[in-house]
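*Asks:* My structure is stored as input_17.cif, with mmCIF, C-alpha atoms.
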data_input
#
loop_
_atom_site.label_atom_id
_atom_site.label_comp_id
_atom_site.auth_asym_id
_atom_site.auth_seq_id
_atom_site.Cartn_x
_atom_site.Cartn_y
_atom_site.Cartn_z
CA MET A 1 30.71 79.60 295.73
CA LYS A 2 33.89 81.54 296.33
CA ARG A 3 33.53 85.27 295.79
CA ILE A 4 36.60 85.33 293.56
CA ASP A 5 34.93 82.81 291.24
CA ALA A 6 31.87 85.03 291.15
CA LEU A 7 34.09 88.00 290.30
CA ARG A 8 35.83 86.01 287.60
CA SER A 9 32.50 85.15 286.00
CA VAL A 10 31.58 88.82 285.54
CA TYR A 11 35.08 90.18 284.94
CA PRO A 12 34.57 90.56 281.16
CA LEU A 13 31.62 92.82 281.96
CA LEU A 14 33.49 94.74 284.64
CA GLU A 15 36.37 95.43 282.27
CA GLN A 16 34.12 97.40 279.95
CA ASN A 17 32.24 99.45 282.49
CA ILE A 18 32.71 101.84 285.39
CA VAL A 19 33.13 99.81 288.57
CA VAL A 20 32.92 100.96 292.19
CA THR A 21 33.72 98.40 294.87
CA ILE A 22 33.70 98.27 298.63
CA MET A 23 36.75 97.69 300.79
CA GLY A 24 38.53 94.57 301.86
CA ALA A 25 38.22 91.23 300.14
CA VAL A 26 36.19 92.46 297.16
CA ALA A 27 38.77 95.15 296.36
CA ALA A 28 41.78 92.86 296.84
CA GLU A 29 40.29 90.01 294.83
CA LEU A 30 39.21 92.21 291.95
CA GLN A 31 42.68 93.73 291.81
CA SER A 32 44.16 90.23 291.72
CA LEU A 33 42.09 89.51 288.62
CA GLY A 34 43.45 92.66 287.00
CA HIS A 35 43.15 96.29 287.95
CA ARG A 36 41.79 98.72 285.36
CA PRO A 37 41.64 102.52 285.37
CA ASN A 38 37.85 102.29 285.32
CA PHE A 39 37.81 100.49 288.72
CA PHE A 40 37.49 102.51 291.93
CA TYR A 41 37.85 100.85 295.33
CA LEU A 42 36.13 102.70 298.16
CA GLN A 43 38.31 101.37 300.96
CA HIS A 44 36.31 102.99 303.78
CA ALA A 45 33.14 105.10 304.10
CA MET A 46 31.29 101.85 304.61
CA GLY A 47 27.88 101.85 302.95
CA LEU A 48 28.56 104.62 300.47
CA ALA A 49 29.73 102.63 297.42
CA SER A 50 26.17 102.49 296.10
CA SER A 51 25.67 106.23 296.70
CA LEU A 52 28.92 106.97 294.88
CA GLY A 53 27.83 104.73 292.02
CA LEU A 54 24.51 106.56 291.91
CA GLY A 55 26.31 109.88 291.65
CA ILE A 56 28.34 108.67 288.68
CA ALA A 57 25.34 107.00 287.03
CA LEU A 58 23.28 110.19 287.23
CA CYS A 59 26.11 112.35 285.91
CA ARG A 60 27.18 109.92 283.16
CA PRO A 61 23.95 108.49 281.74
CA ALA A 62 25.73 107.28 278.60
CA ARG A 63 27.98 104.93 280.58
CA ARG A 64 27.17 101.89 282.68
CA VAL A 65 28.13 101.73 286.33
CA ILE A 66 28.52 98.48 288.26
CA VAL A 67 28.71 98.67 292.06
CA LEU A 68 30.22 95.69 293.88
CA ASP A 69 28.83 95.83 297.39
CA GLY A 70 28.59 93.55 300.41
CA ASP A 71 25.89 92.57 302.87
CA GLY A 72 27.52 94.42 305.77
CA SER A 73 27.88 97.58 303.72
CA VAL A 74 24.33 97.50 302.37
CA LEU A 75 23.00 96.98 305.89
CA MET A 76 24.80 100.19 306.87
CA ASN A 77 23.02 102.19 304.19
CA LEU A 78 19.63 100.57 303.75
CA GLY A 79 18.10 103.98 303.14
CA GLY A 80 20.36 104.21 300.12
CA LEU A 81 18.34 101.43 298.48
CA THR A 82 15.31 103.72 298.57
CA THR A 83 17.34 106.52 296.98
CA LEU A 84 18.56 104.18 294.22
CA ALA A 85 14.98 103.07 293.63
CA ARG A 86 13.71 106.64 293.63
CA TYR A 87 16.01 107.73 290.80
CA ARG A 88 16.38 104.22 289.30
CA PRO A 89 19.14 105.02 286.82
CA LYS A 90 18.96 102.58 283.93
CA ASN A 91 22.73 102.43 283.75
CA LEU A 92 23.35 101.12 287.28
CA LEU A 93 23.85 97.49 288.26
CA HIS A 94 24.23 96.91 291.98
CA ILE A 95 25.82 93.55 292.81
CA VAL A 96 25.79 92.61 296.50
CA PHE A 97 28.08 89.79 297.63
CA ASP A 98 26.33 88.28 300.62
CA ASN A 99 28.57 86.09 302.75
CA GLU A 100 26.34 86.62 305.77
CA SER A 101 29.24 87.97 307.77
CA LEU A 102 31.57 90.86 308.45
CA LEU A 103 34.45 88.78 307.22
CA SER A 104 37.27 91.30 307.34
CA VAL A 105 36.70 92.16 310.98
CA GLY A 106 36.48 88.71 312.48
CA GLY A 107 33.68 87.01 310.57
CA PHE A 108 30.85 87.97 312.88
CA PRO A 109 27.47 87.09 311.36
CA THR A 110 25.31 89.83 309.85
CA ALA A 111 21.52 89.89 309.86
CA THR A 112 21.41 88.10 306.51
CA SER A 113 22.57 85.01 308.45
CA THR A 114 19.37 85.15 310.47
CA GLY A 115 16.93 85.67 307.62
CA THR A 116 17.23 89.23 306.32
CA ASP A 117 16.73 89.06 302.55
CA LEU A 118 18.50 91.93 300.81
CA ALA A 119 16.99 91.26 297.38
CA ALA A 120 13.52 91.37 298.94
CA MET A 121 14.43 94.59 300.74
CA ALA A 122 15.66 96.13 297.49
CA ALA A 123 12.43 95.07 295.76
CA ALA A 124 10.37 96.50 298.60
CA ALA A 125 12.36 99.73 298.32
CA GLY A 126 11.17 99.95 294.73
CA VAL A 127 14.12 98.61 292.75
CA PRO A 128 12.50 97.34 289.53
CA ARG A 129 14.71 94.27 289.00
CA THR A 130 16.12 92.13 291.79
CA GLN A 131 17.42 88.59 291.93
CA THR A 132 19.39 86.32 294.23
CA VAL A 133 21.90 83.92 292.67
CA ASP A 134 24.22 81.34 294.19
CA THR A 135 26.41 80.12 291.32
CA ALA A 136 28.97 81.85 289.14
CA ASP A 137 27.12 80.89 285.97
CA ALA A 138 23.85 82.22 287.32
CA LEU A 139 25.58 85.48 288.24
CA ALA A 140 27.10 85.88 284.78
CA ALA A 141 23.71 85.26 283.17
CA ALA A 142 21.89 87.58 285.57
CA ALA A 143 24.44 90.35 285.03
CA GLN A 144 24.10 90.02 281.26
CA GLY A 145 20.35 90.05 281.71
CA ALA A 146 20.58 93.28 283.69
CA MET A 147 22.61 94.89 280.92
CA ALA A 148 20.12 93.77 278.29
CA ALA A 149 17.17 94.96 280.37
CA ASN A 150 18.70 98.43 280.67
CA MET A 151 17.04 98.91 284.03
CA LEU A 152 18.27 99.44 287.59
CA THR A 153 19.02 95.98 288.95
CA VAL A 154 20.11 94.67 292.33
CA LEU A 155 21.70 91.21 292.26
CA VAL A 156 22.39 89.49 295.56
CA VAL A 157 25.12 86.87 295.20
CA LYS A 158 25.38 84.27 297.93
CA VAL A 159 29.08 83.53 298.52
CA ASP A 160 31.22 81.69 301.06
CA ALA A 161 32.59 83.58 304.03
CA HIS A 162 36.10 82.93 302.82
CA TYR A 163 39.11 85.06 301.96
CA GLU A 164 42.62 84.12 301.01
CA PRO A 165 44.90 87.10 300.36
CA PRO A 166 45.86 86.98 296.68
CA ARG A 167 49.56 87.04 295.78
CA GLY A 168 51.13 90.41 296.46
CA THR A 169 48.49 91.28 299.01
CA ALA A 170 49.17 91.66 302.72
CA GLY A 171 45.89 91.06 304.49
CA PHE A 172 43.67 93.42 302.54
CA VAL A 173 46.38 95.91 301.58
CA THR A 174 47.41 95.81 297.94
CA GLU A 175 50.16 97.64 296.10
CA LEU A 176 47.71 100.13 294.63
CA THR A 177 47.54 103.15 296.92
CA LEU A 178 44.21 104.80 297.58
CA LEU A 179 45.11 108.14 296.06
CA GLU A 180 46.77 106.64 293.00
CA ASN A 181 43.55 104.73 292.34
CA ARG A 182 41.46 107.85 292.96
CA PHE A 183 43.37 110.12 290.56
CA GLN A 184 43.61 107.45 287.88
CA PHE A 185 39.86 106.83 288.13
CA GLU A 186 39.06 110.53 287.95
CA ARG A 187 41.25 110.94 284.86
CA HIS A 188 39.60 107.95 283.24
CA LEU A 189 36.09 109.27 283.89
CA ARG A 190 36.95 112.67 282.50
CA GLU A 191 38.48 111.48 279.25
CA PRO A 192 36.08 112.44 276.45
CA ASP A 193 36.89 109.23 274.60
CA ALA A 194 36.03 107.12 277.61
CA ALA A 195 32.69 108.85 277.93
CA ALA A 196 31.92 108.26 274.30
CA ALA A 197 32.99 104.62 274.38
CA GLY A 198 30.33 103.71 276.93
CA MET B 1 5.65 135.42 300.05
CA THR B 2 6.47 133.79 303.35
CA GLN B 3 3.95 131.47 304.93
CA PRO B 4 2.47 132.22 308.35
CA GLY B 5 4.44 130.51 311.06
CA MET B 6 7.23 129.57 308.68
CA PRO B 7 8.97 132.77 307.67
CA VAL B 8 11.84 131.23 305.74
CA SER B 9 13.29 133.90 303.51
CA VAL B 10 12.53 133.35 299.84
CA GLU B 11 14.74 136.26 298.85
CA SER B 12 17.79 134.94 300.72
CA SER B 13 17.14 131.44 299.42
CA ARG B 14 17.10 132.84 295.87
CA ILE B 15 20.39 134.63 296.39
CA ILE B 16 21.98 131.45 297.73
CA TYR B 17 20.56 129.37 294.89
CA ASP B 18 21.72 131.86 292.25
CA ALA B 19 25.18 131.83 293.80
CA LEU B 20 25.32 128.04 293.52
CA LYS B 21 24.25 128.25 289.90
CA ALA B 22 26.88 130.90 289.20
CA CYS B 23 29.46 128.46 290.60
CA GLY B 24 28.42 125.85 288.05
CA VAL B 25 26.63 123.57 290.52
CA ARG B 26 24.51 121.09 288.57
CA LEU B 27 23.73 118.42 291.15
CA VAL B 28 22.22 119.15 294.55
CA SER B 29 21.61 116.55 297.22
CA ALA B 30 19.23 117.39 300.01
CA LEU B 31 17.40 116.19 303.02
CA PRO B 32 14.48 118.48 303.78
CA GLU B 33 14.54 120.78 306.75
CA THR B 34 12.44 123.87 307.36
CA TRP B 35 15.10 126.44 306.52
CA LEU B 36 15.91 124.65 303.27
CA VAL B 37 12.40 124.37 301.81
CA HIS B 38 12.75 127.16 299.26
CA LEU B 39 16.24 126.10 298.20
CA ILE B 40 15.03 122.55 297.62
CA ARG B 41 12.03 123.78 295.61
CA MET B 42 14.28 125.99 293.51
CA ALA B 43 16.50 123.00 292.73
CA GLU B 44 13.43 120.92 291.97
CA ASP B 45 12.00 123.52 289.60
CA ASP B 46 15.30 124.05 287.77
CA PRO B 47 15.53 121.84 284.66
CA ASP B 48 19.32 122.30 284.59
CA THR B 49 19.81 120.95 288.10
CA THR B 50 19.65 117.34 289.23
CA LEU B 51 18.09 117.22 292.69
CA VAL B 52 18.69 114.04 294.66
CA ARG B 53 16.50 113.59 297.71
CA LEU B 54 18.26 111.48 300.29
CA ALA B 55 17.14 109.19 303.06
CA LYS B 56 20.16 110.20 305.16
CA GLU B 57 22.69 112.97 304.69
CA GLU B 58 25.73 110.69 304.57
CA GLU B 59 24.54 109.36 301.21
CA GLY B 60 25.17 112.84 299.86
CA VAL B 61 28.89 112.41 300.45
CA GLY B 62 28.93 109.39 298.16
CA LEU B 63 26.81 111.18 295.58
CA SER B 64 29.05 114.22 295.54
CA MET B 65 32.14 112.04 295.28
CA GLY B 66 30.66 110.26 292.27
CA ALA B 67 29.61 113.53 290.68
CA TYR B 68 33.07 114.98 291.25
CA PHE B 69 34.80 112.03 289.60
CA ALA B 70 32.42 112.45 286.67
CA GLY B 71 33.33 116.12 286.41
CA VAL B 72 30.05 117.55 287.71
CA ARG B 73 29.96 120.24 290.37
CA SER B 74 27.63 119.55 293.26
CA ALA B 75 26.39 120.99 296.52
CA MET B 76 24.92 119.35 299.62
CA LEU B 77 22.00 120.88 301.52
CA MET B 78 21.54 119.68 305.07
CA GLN B 79 20.74 120.67 308.60
CA ASN B 80 23.58 120.75 311.13
CA HIS B 81 22.24 117.54 312.67
CA GLY B 82 22.47 116.02 309.21
CA PHE B 83 26.06 117.17 309.04
CA LEU B 84 26.70 115.38 312.32
CA ALA B 85 25.06 112.27 310.83
CA ALA B 86 27.36 112.47 307.78
CA VAL B 87 30.68 112.82 309.60
CA ASN B 88 32.00 109.32 308.94
CA GLY B 89 31.41 109.63 305.20
CA ILE B 90 33.05 113.05 305.16
CA VAL B 91 36.14 111.74 306.96
CA SER B 92 36.53 108.27 305.48
CA GLY B 93 35.20 109.16 302.03
CA ALA B 94 35.80 112.74 300.96
CA GLN B 95 38.78 113.53 303.18
CA LEU B 96 40.48 110.15 302.79
CA TYR B 97 40.20 110.39 299.00
CA ARG B 98 40.78 114.13 298.74
CA VAL B 99 37.46 115.01 297.14
CA PRO B 100 36.01 118.52 297.42
CA LEU B 101 32.55 118.90 298.94
CA LEU B 102 30.50 122.09 299.07
CA MET B 103 28.28 121.72 302.12
CA LEU B 104 25.52 124.21 302.92
CA ILE B 105 24.45 123.55 306.48
CA SER B 106 21.51 125.21 308.15
CA HIS B 107 22.81 126.39 311.48
CA ARG B 108 19.99 125.56 313.83
CA GLY B 109 20.30 126.16 317.54
CA GLU B 110 22.02 129.54 317.56
CA PHE B 111 20.75 132.68 319.33
CA GLY B 112 17.03 133.08 318.69
CA GLU B 113 16.27 129.37 318.38
CA ARG B 114 12.83 128.61 319.78
CA ASP B 115 12.70 124.85 319.15
CA PRO B 116 14.12 123.18 322.25
CA TRP B 117 15.10 120.09 320.25
CA GLN B 118 17.41 122.10 318.02
CA THR B 119 19.43 123.67 320.81
CA GLU B 120 22.07 121.02 321.41
CA GLY B 121 23.44 120.76 317.87
CA GLY B 122 23.90 124.50 317.46
CA ALA B 123 26.68 124.71 319.99
CA MET B 124 28.34 121.61 318.58
CA THR B 125 28.48 122.44 314.89
CA GLU B 126 31.44 124.81 314.73
CA PRO B 127 33.63 122.81 317.14
CA VAL B 128 33.02 119.67 315.07
CA LEU B 129 33.85 121.52 311.83
CA ARG B 130 37.06 122.75 313.43
CA ALA B 131 37.90 119.31 314.78
CA LEU B 132 37.53 117.93 311.26
CA ARG B 133 39.66 120.83 309.93
CA ILE B 134 36.89 121.79 307.53
CA PRO B 135 37.19 125.46 306.51
CA TYR B 136 33.86 127.23 306.95
CA ALA B 137 32.21 130.62 306.92
CA LEU B 138 28.92 131.93 308.24
CA LEU B 139 26.29 133.20 305.83
CA GLU B 140 24.52 135.83 307.89
CA GLN B 141 23.60 138.57 305.42
CA ARG B 142 22.69 138.69 301.77
CA SER B 143 25.53 140.99 300.77
CA HIS B 144 28.25 138.41 301.36
CA VAL B 145 26.43 135.26 300.21
CA GLU B 146 27.60 135.25 296.60
CA HIS B 147 31.29 135.81 297.16
CA ARG B 148 31.55 133.58 300.23
CA ILE B 149 30.00 130.67 298.34
CA ARG B 150 32.25 131.32 295.36
CA LYS B 151 35.37 131.54 297.48
CA ALA B 152 34.42 128.47 299.49
CA GLN B 153 34.07 126.46 296.28
CA THR B 154 37.36 127.84 294.97
CA LEU B 155 39.16 126.63 298.10
CA ALA B 156 37.42 123.25 298.00
CA TYR B 157 38.66 122.62 294.46
CA ALA B 158 42.14 123.98 295.10
CA SER B 159 42.62 121.96 298.28
CA LEU B 160 40.59 118.92 297.19
CA ARG B 161 38.83 118.95 300.54
CA PRO B 162 35.36 119.61 301.95
CA VAL B 163 34.30 123.14 302.88
CA ALA B 164 31.17 124.33 304.65
CA LEU B 165 28.92 127.35 304.77
CA LEU B 166 26.65 127.79 307.75
CA LEU B 167 23.25 129.21 306.84
CA CYS B 168 22.42 131.42 309.82
CA ARG B 169 19.14 132.57 311.33
CA ASP B 170 19.59 136.22 310.37
CA LEU B 171 19.84 135.23 306.71
CA MET B 172 17.26 132.44 306.55
CA TRP B 173 14.51 133.50 308.91
CA GLU B 174 12.39 136.60 308.40
CA GLU B 175 11.07 137.45 311.82
CA PRO B 176 10.75 140.64 313.82
CA ALA B 177 14.12 141.40 315.38
#
Any chance you could put this one into structure tokens?

*Replies:*
Amino acid sequence: MKRIDALRSVYPLLEQNIVVTIMGAVAAELQSLGHRPNFFYLQHAMGLASSLGLGIALCRPARRVIVLDGDGSVLMNLGGLTTLARYRPKNLLHIVFDNESLLSVGGFPTATSTGTDLAAMAAAAGVPRTQTVDTADALAAAAQGAMAANMLTVLVVKVDAHYEPPRGTAGFVTELTLLENRFQFERHLREPDAAAAG
Amino acid sequence: MTQPGMPVSVESSRIIYDALKACGVRLVSALPETWLVHLIRMAEDDPDTTLVRLAKEEEGVGLSMGAYFAGVRSAMLMQNHGFLAAVNGIVSGAQLYRVPLLMLISHRGEFGERDPWQTEGGAMTEPVLRALRIPYALLEQRSHVEHRIRKAQTLAYASLRPVALLLCRDLMWEEPA
């Protein structure tokens, strides 16, 4: 499965919720499907997207937060899984695209290519709901299931190690500047109406 | 009220904690260290404060960024070695995205340090803060705690950048001079 097809399958859900993504392909591909003021792309600070999502989820319990992470990033902050599990916010869905490689820096294989199972690690950390999926339909169903369960969920999505820069994207650089995204996102989160809508 | 062999100052910890509360801090992230025990317990016992216990200090950068975007004021409690462990997140998260952080860092390894393992980081902490262009002040005595914390937070929010306060031995440790 291509990651962009996986993203497309959950886009209707992403549109309605607070989304925090990692850098690189995930950020560029999600923007190509349509940027929204409720999307924040953490283009560096590798590993911290889930911690940032946790911060929002704890401070905004009435809204749902979806973190779009990657295997390389999760491997950099494995301890963060234990922190997520410890506070297990009901309003947090952590989706991990696992392409078994550090694609944006040359495609070198990560430990998930040699057997590390991130869903099992999340479960062992204490995350109450975990699942691994490998089709777009299965992802869409699992994401809806996570919403319905109203419980911290980690979904590992097996995807191809493949990236084609979407139109208007040079490499991984899109037209949306980091700070423009940051201020727009902050404004969105602080709108009283937005908080109520969740 | 101090325990034998661990004379961390409850009174100073209370003054620091009250100063954080007066600044509107509602979320505190922490990784335990001896000098921080009372501060962490105060956060834990406070129903109006969300305490997040971390596995590694760098997570606290992400947490504080998220809290900031959500409009919640936060503070990070860590040892100076934890600060060193969090540097990438500070630079490529908070500084890159212009997000204020209020970091309270226990300044181990300064004059009077008896633990040999703490001695290397003490000399490194201020040079690293300066290299990162993070404004900081020392908290050495109770009389200046409240206004230094308040002013540090004011600058953090005005500049949209991290600031640090170094919790020093003379403030945190009650031992015979």

*Asks:* Please determine, counting only C-alpha atoms, which residue among A:Arg182, A:Lys158, A:Arg8, A:Arg88 has the shortest atom-to-atom distance to A:Leu118.

*Replies:*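 Residue with the minimum atom-to-atom distance to A:Leu118: A:Lys158.
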
*Asks:* Please provide as a list in words all residues within 10 Å of A:Asp160, with the sequence filter that same-chain residues fewer than 6 positions apart are discarded (counting only C-alpha atoms).

*Replies:*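 With the cut-off at 10 Å, the set is Met1, Lys2, Arg3, Ile4, Phe97, Asp98, Asn99, Glu100, Ser101, Leu103 and Asp134 of chain A.
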
*Asks:* Written as a PyMOL selection string, what is the full residue list that the PyMOL selection byres ((chain A and resi 104) around 10) yields on the file shown?

*Replies:* chain A and resi 23-25+101-103+105-108+161-163+171-172

*Asks:* As lines of an AutoDock Vina configuration file, please: the centre and edge lengths in Å, to one decimal, of an axis-aligned box enclosing every listed atom of stretch 93-101 of chain B with 3 Å added on each side.

*Replies:*
center_x = 36.7
center_y = 114.0
center_z = 300.2
size_x = 14.2
size_y = 15.7
size_z = 12.0

*Asks:* Could you tell me which of A:Leu30, A:Ile95, A:Tyr41, A:Cys59 comes closest to A:Arg190 if we count all atoms listed in the file?

*Replies:*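 Distance minimum relative to A:Arg190 lands on A:Cys59.
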
*Asks:* Compile the contact shell of A:Arg187 as a list in words: residues with an atom at most 12 Å away, counting only C-alpha atoms, same-chain residues fewer than 2 positions apart removed.

*Replies:*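 Listed by chain and then number, they are Pro37, Asn38, Phe39, Phe40, Glu180, Asn181, Arg182, Phe183, Gln184, Phe185, Leu189, Arg190, Glu191, Pro192, Asp193, Ala194 and Ala195 of chain A; Tyr68, Phe69, Ala70 and Gly71 of chain B.
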
*Asks:* Find the residues near stretch 131-133 of chain B: any atom within 10 Å, counting all atoms listed in the file, skip ones fewer than 2 places away on the same chain, and give them as a ChimeraX atom specification.

*Replies:* /B:87,90-91,95,125-129,135-136,161-163

*Asks:* Store the residues of this selection in a file with C-alpha atoms, as a compact mmCIF listing (two decimals), keeping the file's coordinate frame.

*Replies:*
# COMPACT_ATOMS: atom_id res chain seq x y z
CA VAL B 87 30.68 112.82 309.60
CA ILE B 90 33.05 113.05 305.16
CA VAL B 91 36.14 111.74 306.96
CA GLN B 95 38.78 113.53 303.18
CA THR B 125 28.48 122.44 314.89
CA GLU B 126 31.44 124.81 314.73
CA PRO B 127 33.63 122.81 317.14
CA VAL B 128 33.02 119.67 315.07
CA LEU B 129 33.85 121.52 311.83
CA PRO B 135 37.19 125.46 306.51
CA TYR B 136 33.86 127.23 306.95
CA ARG B 161 38.83 118.95 300.54
CA PRO B 162 35.36 119.61 301.95
CA VAL B 163 34.30 123.14 302.88

*Asks:* Save stretch 83-169 of chain A to disk from that block, C-alpha atoms included, as a JSON list (two decimals), in the first residue's frame.

*Replies:*
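Everything below was put into result.json:
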[["chain", "number", "residue", "atom", "x", "y", "z"],
["A", 83, "THR", "CA", 4.26, 8.09, 28.66],
["A", 84, "LEU", "CA", 1.28, 7.87, 26.28],
["A", 85, "ALA", "CA", 0.22, 4.63, 27.95],
["A", 86, "ARG", "CA", 0.67, 6.09, 31.41],
["A", 87, "TYR", "CA", -1.76, 8.96, 30.79],
["A", 88, "ARG", "CA", -3.75, 7.14, 28.07],
["A", 89, "PRO", "CA", -5.83, 10.09, 26.90],
["A", 90, "LYS", "CA", -9.07, 8.81, 25.40],
["A", 91, "ASN", "CA", -8.95, 11.47, 22.73],
["A", 92, "LEU", "CA", -5.62, 10.46, 21.16],
["A", 93, "LEU", "CA", -5.18, 8.24, 18.12],
["A", 94, "HIS", "CA", -1.56, 7.50, 17.23],
["A", 95, "ILE", "CA", -1.13, 6.27, 13.66],
["A", 96, "VAL", "CA", 2.35, 5.00, 12.78],
["A", 97, "PHE", "CA", 3.22, 4.59, 9.11],
["A", 98, "ASP", "CA", 5.78, 1.81, 9.04],
["A", 99, "ASN", "CA", 7.74, 1.62, 5.80],
["A", 100, "GLU", "CA", 10.60, -0.15, 7.54],
["A", 101, "SER", "CA", 13.02, 2.51, 6.43],
["A", 102, "LEU", "CA", 14.33, 6.03, 6.90],
["A", 103, "LEU", "CA", 13.05, 6.93, 3.48],
["A", 104, "SER", "CA", 13.79, 10.63, 3.39],
["A", 105, "VAL", "CA", 17.46, 10.19, 4.20],
["A", 106, "GLY", "CA", 18.38, 7.47, 1.77],
["A", 107, "GLY", "CA", 16.00, 4.63, 2.54],
["A", 108, "PHE", "CA", 18.19, 2.83, 5.05],
["A", 109, "PRO", "CA", 16.27, 0.04, 6.80],
["A", 110, "THR", "CA", 15.02, 0.56, 10.35],
["A", 111, "ALA", "CA", 14.72, -2.15, 12.98],
["A", 112, "THR", "CA", 11.13, -2.86, 11.95],
["A", 113, "SER", "CA", 12.67, -4.41, 8.80],
["A", 114, "THR", "CA", 14.40, -6.97, 10.97],
["A", 115, "GLY", "CA", 11.48, -7.92, 13.18],
["A", 116, "THR", "CA", 10.77, -5.11, 15.64],
["A", 117, "ASP", "CA", 6.99, -4.96, 16.06],
["A", 118, "LEU", "CA", 5.87, -1.46, 17.04],
["A", 119, "ALA", "CA", 2.26, -2.43, 17.77],
["A", 120, "ALA", "CA", 3.52, -5.13, 20.14],
["A", 121, "MET", "CA", 5.87, -2.62, 21.76],
["A", 122, "ALA", "CA", 3.01, -0.16, 22.22],
["A", 123, "ALA", "CA", 0.86, -2.92, 23.75],
["A", 124, "ALA", "CA", 3.71, -3.93, 26.04],
["A", 125, "ALA", "CA", 4.10, -0.29, 27.05],
["A", 126, "GLY", "CA", 0.50, -0.40, 28.22],
["A", 127, "VAL", "CA", -1.41, 1.17, 25.34],
["A", 128, "PRO", "CA", -4.91, -0.31, 25.70],
["A", 129, "ARG", "CA", -5.71, -0.67, 21.98],
["A", 130, "THR", "CA", -3.18, -1.55, 19.30],
["A", 131, "GLN", "CA", -3.48, -2.99, 15.83],
["A", 132, "THR", "CA", -1.40, -3.47, 12.71],
["A", 133, "VAL", "CA", -3.09, -2.99, 9.33],
["A", 134, "ASP", "CA", -1.80, -3.28, 5.78],
["A", 135, "THR", "CA", -4.62, -2.04, 3.56],
["A", 136, "ALA", "CA", -6.28, 1.35, 3.19],
["A", 137, "ASP", "CA", -9.71, -0.10, 3.93],
["A", 138, "ALA", "CA", -8.45, -1.81, 7.06],
["A", 139, "LEU", "CA", -6.90, 1.47, 8.20],
["A", 140, "ALA", "CA", -10.11, 3.41, 7.64],
["A", 141, "ALA", "CA", -12.08, 0.80, 9.59],
["A", 142, "ALA", "CA", -9.51, 0.64, 12.39],
["A", 143, "ALA", "CA", -9.40, 4.43, 12.69],
["A", 144, "GLN", "CA", -13.19, 4.59, 12.89],
["A", 145, "GLY", "CA", -13.06, 1.82, 15.46],
["A", 146, "ALA", "CA", -10.59, 3.81, 17.53],
["A", 147, "MET", "CA", -12.90, 6.82, 17.48],
["A", 148, "ALA", "CA", -15.88, 4.71, 18.51],
["A", 149, "ALA", "CA", -13.90, 3.02, 21.28],
["A", 150, "ASN", "CA", -12.94, 6.40, 22.75],
["A", 151, "MET", "CA", -9.69, 4.95, 24.04],
["A", 152, "LEU", "CA", -6.00, 5.60, 23.39],
["A", 153, "THR", "CA", -5.13, 3.61, 20.29],
["A", 154, "VAL", "CA", -1.92, 2.95, 18.39],
["A", 155, "LEU", "CA", -2.39, 1.81, 14.79],
["A", 156, "VAL", "CA", 0.66, 0.61, 12.89],
["A", 157, "VAL", "CA", 0.12, 0.89, 9.14],
["A", 158, "LYS", "CA", 2.44, -1.11, 6.92],
["A", 159, "VAL", "CA", 3.22, 0.98, 3.82],
["A", 160, "ASP", "CA", 5.62, 0.88, 0.88],
["A", 161, "ALA", "CA", 8.95, 2.64, 1.15],
["A", 162, "HIS", "CA", 7.95, 4.95, -1.66],
["A", 163, "TYR", "CA", 7.69, 8.70, -2.12],
["A", 164, "GLU", "CA", 6.91, 10.78, -5.14],
["A", 165, "PRO", "CA", 6.93, 14.53, -4.50],
["A", 166, "PRO", "CA", 3.37, 15.75, -5.04],
["A", 167, "ARG", "CA", 2.80, 18.63, -7.47],
["A", 168, "GLY", "CA", 4.12, 21.91, -6.13],
["A", 169, "THR", "CA", 6.55, 20.15, -3.83]]
